[in-house]
>>> print(open('coords04.txt').read())   # compact mmCIF, C-alpha atoms
# COMPACT_ATOMS: atom_id res chain seq x y z
CA MET A 202 188.61 87.99 267.57
CA ASN A 203 191.99 89.61 266.99
CA ILE A 204 191.39 93.36 266.83
CA ARG A 205 193.96 96.06 266.21
CA CYS A 206 192.80 99.62 266.80
CA ILE A 207 194.17 102.42 264.63
CA THR A 208 194.32 105.93 266.01
CA ASN A 209 193.03 109.08 264.32
CA ARG A 210 192.99 112.10 266.60
CA HIS A 211 190.52 113.88 264.28
CA LEU A 212 187.89 111.25 265.12
CA ALA A 213 188.39 111.12 268.89
CA ALA A 214 185.14 111.27 270.84
CA GLN A 215 186.96 113.00 273.72
CA ASP A 216 190.44 114.14 274.68
CA TYR A 217 192.87 112.12 272.57
CA PHE A 218 194.78 110.48 275.42
CA ALA A 219 191.55 109.82 277.32
CA GLN A 220 190.30 108.01 274.22
CA ILE A 221 193.51 106.01 273.94
CA GLU A 222 193.11 105.06 277.60
CA GLN A 223 189.60 103.77 276.88
CA ILE A 224 190.83 101.77 273.91
CA ALA A 225 193.68 100.24 275.92
CA LEU A 226 191.25 99.33 278.71
CA ALA A 227 189.17 97.43 276.15
CA GLY A 228 192.14 95.13 275.59
CA PRO A 229 192.67 95.04 271.82
CA GLU A 230 195.51 92.98 270.43
CA ALA A 231 197.35 96.20 269.53
CA ILE A 232 197.04 99.95 269.04
CA ILE A 233 198.56 101.35 265.84
CA VAL A 234 199.50 105.03 266.21
CA ARG A 235 198.66 106.28 262.73
CA GLU A 236 198.84 110.08 262.71
CA LYS A 237 200.55 110.55 259.35
CA ASP A 238 199.61 114.21 258.95
CA LEU A 239 201.60 115.26 262.02
CA PRO A 240 205.11 116.68 261.65
CA GLN A 241 207.63 114.16 262.88
CA ASP A 242 208.56 116.02 266.08
CA GLU A 243 204.89 116.36 267.08
CA TYR A 244 204.27 112.72 266.22
CA LYS A 245 207.15 111.75 268.49
CA GLN A 246 205.58 113.50 271.49
CA LEU A 247 202.16 112.03 270.83
CA ALA A 248 203.51 108.52 270.18
CA ALA A 249 205.50 108.58 273.43
CA GLY A 250 202.27 109.28 275.32
CA VAL A 251 200.45 106.42 273.61
CA MET A 252 203.34 104.05 274.26
CA GLU A 253 203.18 104.90 277.95
CA ILE A 254 199.44 104.15 278.10
CA CYS A 255 199.87 100.90 276.18
CA ALA A 256 202.71 99.76 278.44
CA HIS A 257 200.56 100.43 281.52
CA HIS A 258 197.75 98.25 280.12
CA HIS A 259 200.03 95.61 278.54
CA VAL A 260 198.77 96.34 275.02
CA LEU A 261 201.11 96.12 272.04
CA CYS A 262 201.84 99.60 270.65
CA ILE A 263 202.74 99.79 266.97
CA LEU A 264 204.11 103.06 265.63
CA HIS A 265 203.45 104.11 262.04
CA THR A 266 205.41 105.65 259.14
CA TYR A 267 208.22 107.39 261.05
CA THR A 268 211.01 104.83 261.25
CA GLU A 269 213.67 106.98 262.91
CA THR A 270 211.19 108.28 265.49
CA ALA A 271 210.22 104.72 266.31
CA ILE A 272 213.88 103.79 266.78
CA GLN A 273 214.50 106.83 268.99
CA LEU A 274 211.52 105.92 271.18
CA GLY A 275 212.65 102.31 271.49
CA ALA A 276 209.51 100.96 269.84
CA LYS A 277 209.57 97.25 269.07
CA ALA A 278 206.81 97.36 266.46
CA LEU A 279 206.37 99.53 263.37
CA HIS A 280 203.81 99.65 260.57
CA LEU A 281 204.73 101.07 257.18
CA PRO A 282 203.20 101.78 253.80
CA LEU A 283 204.75 99.22 251.43
CA PRO A 284 207.07 101.70 249.61
CA LEU A 285 208.68 102.68 252.93
CA LEU A 286 209.17 99.04 253.91
CA LEU A 287 210.78 98.29 250.55
CA SER A 288 213.24 101.18 250.93
CA MET A 289 214.02 100.39 254.57
CA LYS A 290 217.61 99.48 255.37
CA GLN A 291 218.34 96.09 256.92
CA GLN A 292 219.99 97.79 259.90
CA GLN A 293 216.73 99.63 260.57
CA LYS A 294 214.65 96.46 260.18
CA SER A 295 216.77 94.71 262.79
CA ARG A 296 215.64 97.23 265.42
CA PHE A 297 212.06 95.93 265.33
CA ALA A 298 210.56 92.65 266.47
CA ILE A 299 207.39 93.33 264.47
CA LEU A 300 207.11 94.99 261.06
CA GLY A 301 203.72 95.49 259.43
CA ALA A 302 202.93 96.61 255.90
CA SER A 303 199.84 97.96 254.15
CA ILE A 304 199.09 96.11 250.92
CA HIS A 305 196.42 96.32 248.24
CA SER A 306 197.09 93.30 246.01
CA VAL A 307 198.44 89.75 246.03
CA GLU A 308 201.60 91.00 244.32
CA GLN A 309 202.16 93.59 247.04
CA ALA A 310 201.60 90.96 249.71
CA GLN A 311 204.41 88.89 248.21
CA LEU A 312 206.69 91.92 248.01
CA ALA A 313 206.04 92.76 251.67
CA GLN A 314 206.70 89.19 252.73
CA ASN A 315 209.98 89.11 250.82
CA ALA A 316 210.94 92.45 252.42
CA GLY A 317 210.63 91.00 255.91
CA ALA A 318 207.13 91.98 257.01
CA SER A 319 205.70 90.19 260.05
CA TYR A 320 202.06 90.82 259.18
CA LEU A 321 199.94 92.58 256.57
CA THR A 322 196.92 94.85 256.53
CA ALA A 323 194.83 94.33 253.40
CA GLY A 324 192.17 96.72 252.21
CA HIS A 325 190.13 98.56 251.98
CA VAL A 326 187.67 95.69 252.12
CA PHE A 327 184.39 97.57 252.53
CA GLU A 328 183.21 101.06 251.69
CA THR A 329 184.58 103.55 254.17
CA ALA A 330 184.22 107.27 254.86
CA CYS A 331 188.01 107.44 255.12
CA LYS A 332 188.25 106.83 251.37
CA PRO A 333 185.16 108.51 249.87
CA GLY A 334 184.44 107.61 246.26
CA VAL A 335 187.08 104.87 246.16
CA GLU A 336 185.67 101.46 245.25
CA PRO A 337 186.23 98.86 248.01
CA ARG A 338 188.22 95.77 247.03
CA GLY A 339 185.82 93.35 248.68
CA LEU A 340 185.96 89.98 250.39
CA GLU A 341 187.18 88.09 247.31
CA PHE A 342 190.27 90.31 247.23
CA LEU A 343 190.82 89.58 250.92
CA ARG A 344 190.40 85.85 250.37
CA GLU A 345 192.96 85.85 247.56
CA VAL A 346 195.51 87.73 249.66
CA CYS A 347 195.02 85.40 252.63
CA GLN A 348 195.42 82.32 250.45
CA ALA A 349 198.56 83.67 248.80
CA SER A 350 200.33 84.94 251.94
CA ALA A 351 202.11 82.95 254.62
CA LEU A 352 201.85 85.98 256.93
CA PRO A 353 198.95 86.92 259.23
CA VAL A 354 196.59 89.20 257.30
CA TYR A 355 194.43 91.83 259.00
CA ALA A 356 191.43 93.13 257.09
CA ILE A 357 190.99 96.89 257.10
CA GLY A 358 188.49 99.39 255.79
CA GLY A 359 184.83 99.87 256.66
CA ILE A 360 184.77 97.07 259.21
CA HIS A 361 182.12 96.98 261.93
CA PRO A 362 180.63 94.25 264.17
CA LYS A 363 178.20 92.94 261.55
CA ASN A 364 180.75 92.38 258.76
CA ALA A 365 183.88 91.53 260.77
CA ALA A 366 183.13 87.79 260.95
CA ALA A 367 182.96 87.64 257.15
CA CYS A 368 186.57 88.84 257.06
CA ILE A 369 187.65 86.02 259.36
CA GLN A 370 185.70 83.53 257.25
CA ALA A 371 187.58 84.83 254.21
CA GLY A 372 190.84 83.87 255.91
CA ALA A 373 191.88 87.01 257.77
CA TYR A 374 193.79 86.46 261.00
CA GLY A 375 192.20 89.58 262.46
CA ILE A 376 190.74 93.00 261.72
CA CYS A 377 191.78 96.63 262.04
CA ILE A 378 189.30 99.32 263.04
CA MET A 379 189.67 103.08 263.23
CA SER A 380 186.38 104.97 263.36
CA ASP A 381 184.72 102.35 265.52
CA CYS A 382 187.35 102.62 268.26
CA MET A 383 187.91 106.38 268.11
CA ARG A 384 184.29 107.55 268.03
CA HIS A 385 182.96 105.53 270.99
CA THR A 386 183.68 106.50 274.57
CA ASP A 387 182.53 103.07 275.75
CA THR A 388 185.12 101.28 273.65
CA GLN A 389 185.11 98.20 275.86
CA ASN A 390 181.46 97.50 275.12
CA ARG A 391 181.92 98.34 271.45
CA LEU A 392 184.74 95.82 271.02
CA LYS A 393 182.65 93.16 272.76
CA GLN A 394 180.08 93.52 269.98
CA TYR A 395 182.59 92.11 267.49
CA GLN A 396 182.98 88.89 269.45
CA ILE A 397 179.22 88.63 270.05
CA GLN A 398 178.48 88.89 266.33
CA LYS A 399 181.26 86.43 265.50
CA ASP A 400 179.88 83.89 267.98
CA ARG A 401 176.41 84.22 266.48
CA GLN A 402 177.69 83.36 263.04
CA GLU A 403 179.70 80.32 264.10
>>> encode(input="coords04.txt", output="structure tokens")
Amino acid sequence: MNIRCITNRHLAAQDYFAQIEQIALAGPEAIIVREKDLPQDEYKQLAAGVMEICAHHHVLCILHTYTETAIQLGAKALHLPLPLLLSMKQQQKSRFAILGASIHSVEQAQLAQNAGASYLTAGHVFETACKPGVEPRGLEFLREVCQASALPVYAIGGIHPKNAAACIQAGAYGICIMSDCMRHTDTQNRLKQYQIQKDRQE
């Protein structure tokens, strides 16, 4: 199963970089450094450390939100909220081999594709503590986005081993997890549970 892990230093079960090391050791498809509440200069320092860990373990590192910081650090992959992707200059886009976008509707998926996105994250699919009181969009929403988009779609929001396979069955190319990778010190074993559950349902 294609798993991309999203960072959140507030959820780390141990020292942040120790947690990132554990995640990288688990071998996810990518680590997305999403620390949007950090000032840009602090984000740059933190992102540089994550990039170093990812490079050591040959894991794709995707920076988030801060386009100029990503360019300065020589990052090849960047994930953006859709409005930032839509306002991004072509010269900036050309600096990245991979551009991801967060979308919440079929219409947004089409906008992101037209704006040059390489992949999409679609959500939130299930109820999640990260968005308390906000109604999840559900698997039918995910299915509609996957059918409408020519890009790889990653499901996000409230995903855990027992519901991840349903996302793949709905057409998702992969999944994104945050809490489940940041709150477990034995991340390697935790990520294995996703594949085990998927195999059981096939």
>>> closest_residue(input="coords04.txt", among="A:Gln396, A:Gln370, A:Thr268, A:Gln314", to="Met289 in chain A", atoms="all atoms listed in the file")
A:Thr268
>>> closest_residue(input="coords04.txt", among="A:Ala316, A:Leu285, A:Ile221, A:Ala271", to="Thr208 in chain A", atoms="all atoms listed in the file")
A:Ile221
>>> closest_residue(input="coords04.txt", among="A:Ile299, A:Val251, A:Ala256, A:Ala313", to="Leu287 in chain A", atoms="only C-alpha atoms")
A:Ala313
>>> atom_distance(input="coords04.txt", atom1="CA of Val326 in chain A", atom2="CA of Pro240 in chain A")
28.9 Å
>>> closest_residue(input="coords04.txt", among="A:Ile204, A:Asp216, A:Ala302, A:Leu352", to="Cys377 in chain A", atoms="only C-alpha atoms")
A:Ile204
>>> residues_around(input="coords04.txt", residues="Ile397 in chain A", least_positions_apart="4", cutoff="10 Å", atoms="all atoms listed in the file", output="PDB file with C-alpha atoms, in the coordinates of the input")
ATOM      1  CA  MET A 202     188.610  87.990 267.570  1.00  0.00           C
ATOM      2  CA  PRO A 362     180.630  94.250 264.170  1.00  0.00           C
ATOM      3  CA  LYS A 363     178.200  92.940 261.550  1.00  0.00           C
ATOM      4  CA  ALA A 366     183.130  87.790 260.950  1.00  0.00           C
ATOM      5  CA  LEU A 392     184.740  95.820 271.020  1.00  0.00           C
ATOM      6  CA  LYS A 393     182.650  93.160 272.760  1.00  0.00           C
ATOM      7  CA  ARG A 401     176.410  84.220 266.480  1.00  0.00           C
ATOM      8  CA  GLN A 402     177.690  83.360 263.040  1.00  0.00           C
TER       9      GLN A 402
END
>>> closest_residue(input="coords04.txt", among="A:Ala310, A:Leu286, A:Leu261, A:Ala231", to="Asn203 in chain A", atoms="only C-alpha atoms")
A:Ala231
>>> atom_distance(input="coords04.txt", atom1="CA of His305 in chain A", atom2="CA of Glu328 in chain A")
14.5 Å
>>> residues_around(input="coords04.txt", residues="range 272-283 of chain A", least_positions_apart="4", cutoff="7 Å", atoms="only C-alpha atoms", output="PyMOL selection string")
chain A and resi 249+262-266+268+287+296-304+313
>>> closest_residue(input="coords04.txt", among="A:Thr322, A:Gln398, A:Thr270, A:Gln215", to="Ala367 in chain A", atoms="all atoms listed in the file")
A:Gln398
>>> residues_around(input="coords04.txt", residues="Tyr355 in chain A", least_positions_apart="4", cutoff="7 Å", atoms="all atoms listed in the file", output="count of residues only")
8
>>> decode(input="coords04.txt", residues="range 375-389 of chain A", atoms="all heavy atoms", output="PDB file, in the first residue's frame")
ATOM      1  N   GLY A 375      -3.273   5.846  -3.039  1.00  0.00           N
ATOM      2  CA  GLY A 375      -2.599   5.622  -1.762  1.00  0.00           C
ATOM      3  C   GLY A 375      -3.306   6.390  -0.659  1.00  0.00           C
ATOM      4  O   GLY A 375      -4.388   6.942  -0.861  1.00  0.00           O
ATOM      5  N   ILE A 376      -2.692   6.408   0.506  1.00  0.00           N
ATOM      6  CA  ILE A 376      -3.279   7.087   1.664  1.00  0.00           C
ATOM      7  C   ILE A 376      -2.236   7.987   2.324  1.00  0.00           C
ATOM      8  O   ILE A 376      -1.034   7.769   2.186  1.00  0.00           O
ATOM      9  CB  ILE A 376      -3.801   6.071   2.705  1.00  0.00           C
ATOM     10  CG1 ILE A 376      -2.653   5.179   3.194  1.00  0.00           C
ATOM     11  CG2 ILE A 376      -4.950   5.249   2.135  1.00  0.00           C
ATOM     12  CD1 ILE A 376      -2.983   4.344   4.416  1.00  0.00           C
ATOM     13  N   CYS A 377      -2.731   8.982   3.044  1.00  0.00           N
ATOM     14  CA  CYS A 377      -1.880   9.835   3.876  1.00  0.00           C
ATOM     15  C   CYS A 377      -2.298   9.648   5.331  1.00  0.00           C
ATOM     16  O   CYS A 377      -3.495   9.631   5.636  1.00  0.00           O
ATOM     17  CB  CYS A 377      -2.035  11.298   3.497  1.00  0.00           C
ATOM     18  SG  CYS A 377      -1.387  11.734   1.878  1.00  0.00           S
ATOM     19  N   ILE A 378      -1.324   9.520   6.211  1.00  0.00           N
ATOM     20  CA  ILE A 378      -1.617   9.402   7.636  1.00  0.00           C
ATOM     21  C   ILE A 378      -0.763  10.393   8.412  1.00  0.00           C
ATOM     22  O   ILE A 378       0.378  10.670   8.043  1.00  0.00           O
ATOM     23  CB  ILE A 378      -1.386   7.963   8.166  1.00  0.00           C
ATOM     24  CG1 ILE A 378       0.058   7.497   7.899  1.00  0.00           C
ATOM     25  CG2 ILE A 378      -2.376   6.994   7.548  1.00  0.00           C
ATOM     26  CD1 ILE A 378       0.383   6.141   8.524  1.00  0.00           C
ATOM     27  N   MET A 379      -1.337  10.914   9.484  1.00  0.00           N
ATOM     28  CA  MET A 379      -0.604  11.844  10.342  1.00  0.00           C
ATOM     29  C   MET A 379      -0.500  11.298  11.762  1.00  0.00           C
ATOM     30  O   MET A 379       0.578  10.907  12.213  1.00  0.00           O
ATOM     31  CB  MET A 379      -1.264  13.225  10.353  1.00  0.00           C
ATOM     32  CG  MET A 379      -0.558  14.241  11.244  1.00  0.00           C
ATOM     33  SD  MET A 379      -1.500  15.770  11.484  1.00  0.00           S
ATOM     34  CE  MET A 379      -1.389  16.510   9.865  1.00  0.00           C
ATOM     35  N   SER A 380      -1.618  11.244  12.459  1.00  0.00           N
ATOM     36  CA  SER A 380      -1.611  10.794  13.854  1.00  0.00           C
ATOM     37  C   SER A 380      -0.991   9.409  13.987  1.00  0.00           C
ATOM     38  O   SER A 380      -0.212   9.144  14.904  1.00  0.00           O
ATOM     39  CB  SER A 380      -3.043  10.777  14.412  1.00  0.00           C
ATOM     40  OG  SER A 380      -3.603  12.059  14.362  1.00  0.00           O
ATOM     41  N   ASP A 381      -1.348   8.532  13.056  1.00  0.00           N
ATOM     42  CA  ASP A 381      -0.923   7.138  13.172  1.00  0.00           C
ATOM     43  C   ASP A 381       0.576   6.949  12.969  1.00  0.00           C
ATOM     44  O   ASP A 381       1.129   5.934  13.382  1.00  0.00           O
ATOM     45  CB  ASP A 381      -1.696   6.275  12.167  1.00  0.00           C
ATOM     46  CG  ASP A 381      -2.247   5.012  12.815  1.00  0.00           C
ATOM     47  OD1 ASP A 381      -2.367   4.978  14.051  1.00  0.00           O
ATOM     48  OD2 ASP A 381      -2.541   4.051  12.083  1.00  0.00           O
ATOM     49  N   CYS A 382       1.237   7.898  12.344  1.00  0.00           N
ATOM     50  CA  CYS A 382       2.690   7.770  12.188  1.00  0.00           C
ATOM     51  C   CYS A 382       3.443   8.589  13.228  1.00  0.00           C
ATOM     52  O   CYS A 382       4.581   8.283  13.553  1.00  0.00           O
ATOM     53  CB  CYS A 382       3.135   8.140  10.783  1.00  0.00           C
ATOM     54  SG  CYS A 382       2.891   9.863  10.341  1.00  0.00           S
ATOM     55  N   MET A 383       2.800   9.637  13.763  1.00  0.00           N
ATOM     56  CA  MET A 383       3.496  10.492  14.723  1.00  0.00           C
ATOM     57  C   MET A 383       3.353  10.006  16.164  1.00  0.00           C
ATOM     58  O   MET A 383       4.197  10.304  17.008  1.00  0.00           O
ATOM     59  CB  MET A 383       2.977  11.930  14.625  1.00  0.00           C
ATOM     60  CG  MET A 383       3.271  12.636  13.313  1.00  0.00           C
ATOM     61  SD  MET A 383       5.040  12.793  12.914  1.00  0.00           S
ATOM     62  CE  MET A 383       5.626  13.874  14.213  1.00  0.00           C
ATOM     63  N   ARG A 384       2.309   9.261  16.457  1.00  0.00           N
ATOM     64  CA  ARG A 384       2.029   8.882  17.841  1.00  0.00           C
ATOM     65  C   ARG A 384       2.557   7.507  18.221  1.00  0.00           C
ATOM     66  O   ARG A 384       2.419   7.089  19.374  1.00  0.00           O
ATOM     67  CB  ARG A 384       0.512   8.926  18.089  1.00  0.00           C
ATOM     68  CG  ARG A 384      -0.030  10.339  18.178  1.00  0.00           C
ATOM     69  CD  ARG A 384      -1.503  10.348  18.468  1.00  0.00           C
ATOM     70  NE  ARG A 384      -1.956  11.686  18.840  1.00  0.00           N
ATOM     71  CZ  ARG A 384      -3.173  12.152  18.591  1.00  0.00           C
ATOM     72  NH1 ARG A 384      -4.057  11.394  17.983  1.00  0.00           N
ATOM     73  NH2 ARG A 384      -3.512  13.372  18.962  1.00  0.00           N
ATOM     74  N   HIS A 385       3.145   6.784  17.271  1.00  0.00           N
ATOM     75  CA  HIS A 385       3.665   5.443  17.552  1.00  0.00           C
ATOM     76  C   HIS A 385       5.188   5.440  17.443  1.00  0.00           C
ATOM     77  O   HIS A 385       5.733   5.864  16.428  1.00  0.00           O
ATOM     78  CB  HIS A 385       3.079   4.422  16.575  1.00  0.00           C
ATOM     79  CG  HIS A 385       1.611   4.186  16.760  1.00  0.00           C
ATOM     80  ND1 HIS A 385       1.107   3.220  17.591  1.00  0.00           N
ATOM     81  CD2 HIS A 385       0.536   4.819  16.234  1.00  0.00           C
ATOM     82  CE1 HIS A 385      -0.221   3.255  17.559  1.00  0.00           C
ATOM     83  NE2 HIS A 385      -0.584   4.220  16.747  1.00  0.00           N
ATOM     84  N   THR A 386       5.842   4.963  18.476  1.00  0.00           N
ATOM     85  CA  THR A 386       7.302   4.874  18.413  1.00  0.00           C
ATOM     86  C   THR A 386       7.734   3.689  17.549  1.00  0.00           C
ATOM     87  O   THR A 386       8.784   3.740  16.913  1.00  0.00           O
ATOM     88  CB  THR A 386       7.904   4.727  19.817  1.00  0.00           C
ATOM     89  OG1 THR A 386       7.247   3.665  20.508  1.00  0.00           O
ATOM     90  CG2 THR A 386       7.737   6.013  20.616  1.00  0.00           C
ATOM     91  N   ASP A 387       6.914   2.637  17.510  1.00  0.00           N
ATOM     92  CA  ASP A 387       7.208   1.494  16.646  1.00  0.00           C
ATOM     93  C   ASP A 387       6.468   1.692  15.321  1.00  0.00           C
ATOM     94  O   ASP A 387       5.530   0.965  14.991  1.00  0.00           O
ATOM     95  CB  ASP A 387       6.792   0.183  17.325  1.00  0.00           C
ATOM     96  CG  ASP A 387       7.247  -1.044  16.541  1.00  0.00           C
ATOM     97  OD1 ASP A 387       7.898  -0.874  15.489  1.00  0.00           O
ATOM     98  OD2 ASP A 387       6.942  -2.172  16.977  1.00  0.00           O
ATOM     99  N   THR A 388       6.899   2.690  14.579  1.00  0.00           N
ATOM    100  CA  THR A 388       6.197   3.052  13.346  1.00  0.00           C
ATOM    101  C   THR A 388       6.284   1.945  12.302  1.00  0.00           C
ATOM    102  O   THR A 388       5.352   1.741  11.523  1.00  0.00           O
ATOM    103  CB  THR A 388       6.789   4.348  12.762  1.00  0.00           C
ATOM    104  OG1 THR A 388       6.971   5.301  13.819  1.00  0.00           O
ATOM    105  CG2 THR A 388       5.858   4.948  11.726  1.00  0.00           C
ATOM    106  N   GLN A 389       7.387   1.229  12.300  1.00  0.00           N
ATOM    107  CA  GLN A 389       7.568   0.167  11.314  1.00  0.00           C
ATOM    108  C   GLN A 389       6.473  -0.889  11.448  1.00  0.00           C
ATOM    109  O   GLN A 389       5.860  -1.300  10.457  1.00  0.00           O
ATOM    110  CB  GLN A 389       8.953  -0.470  11.487  1.00  0.00           C
ATOM    111  CG  GLN A 389       9.378  -1.307  10.297  1.00  0.00           C
ATOM    112  CD  GLN A 389      10.875  -1.555  10.290  1.00  0.00           C
ATOM    113  OE1 GLN A 389      11.579  -1.202  11.228  1.00  0.00           O
ATOM    114  NE2 GLN A 389      11.372  -2.167   9.235  1.00  0.00           N
TER     115      GLN A 389
END
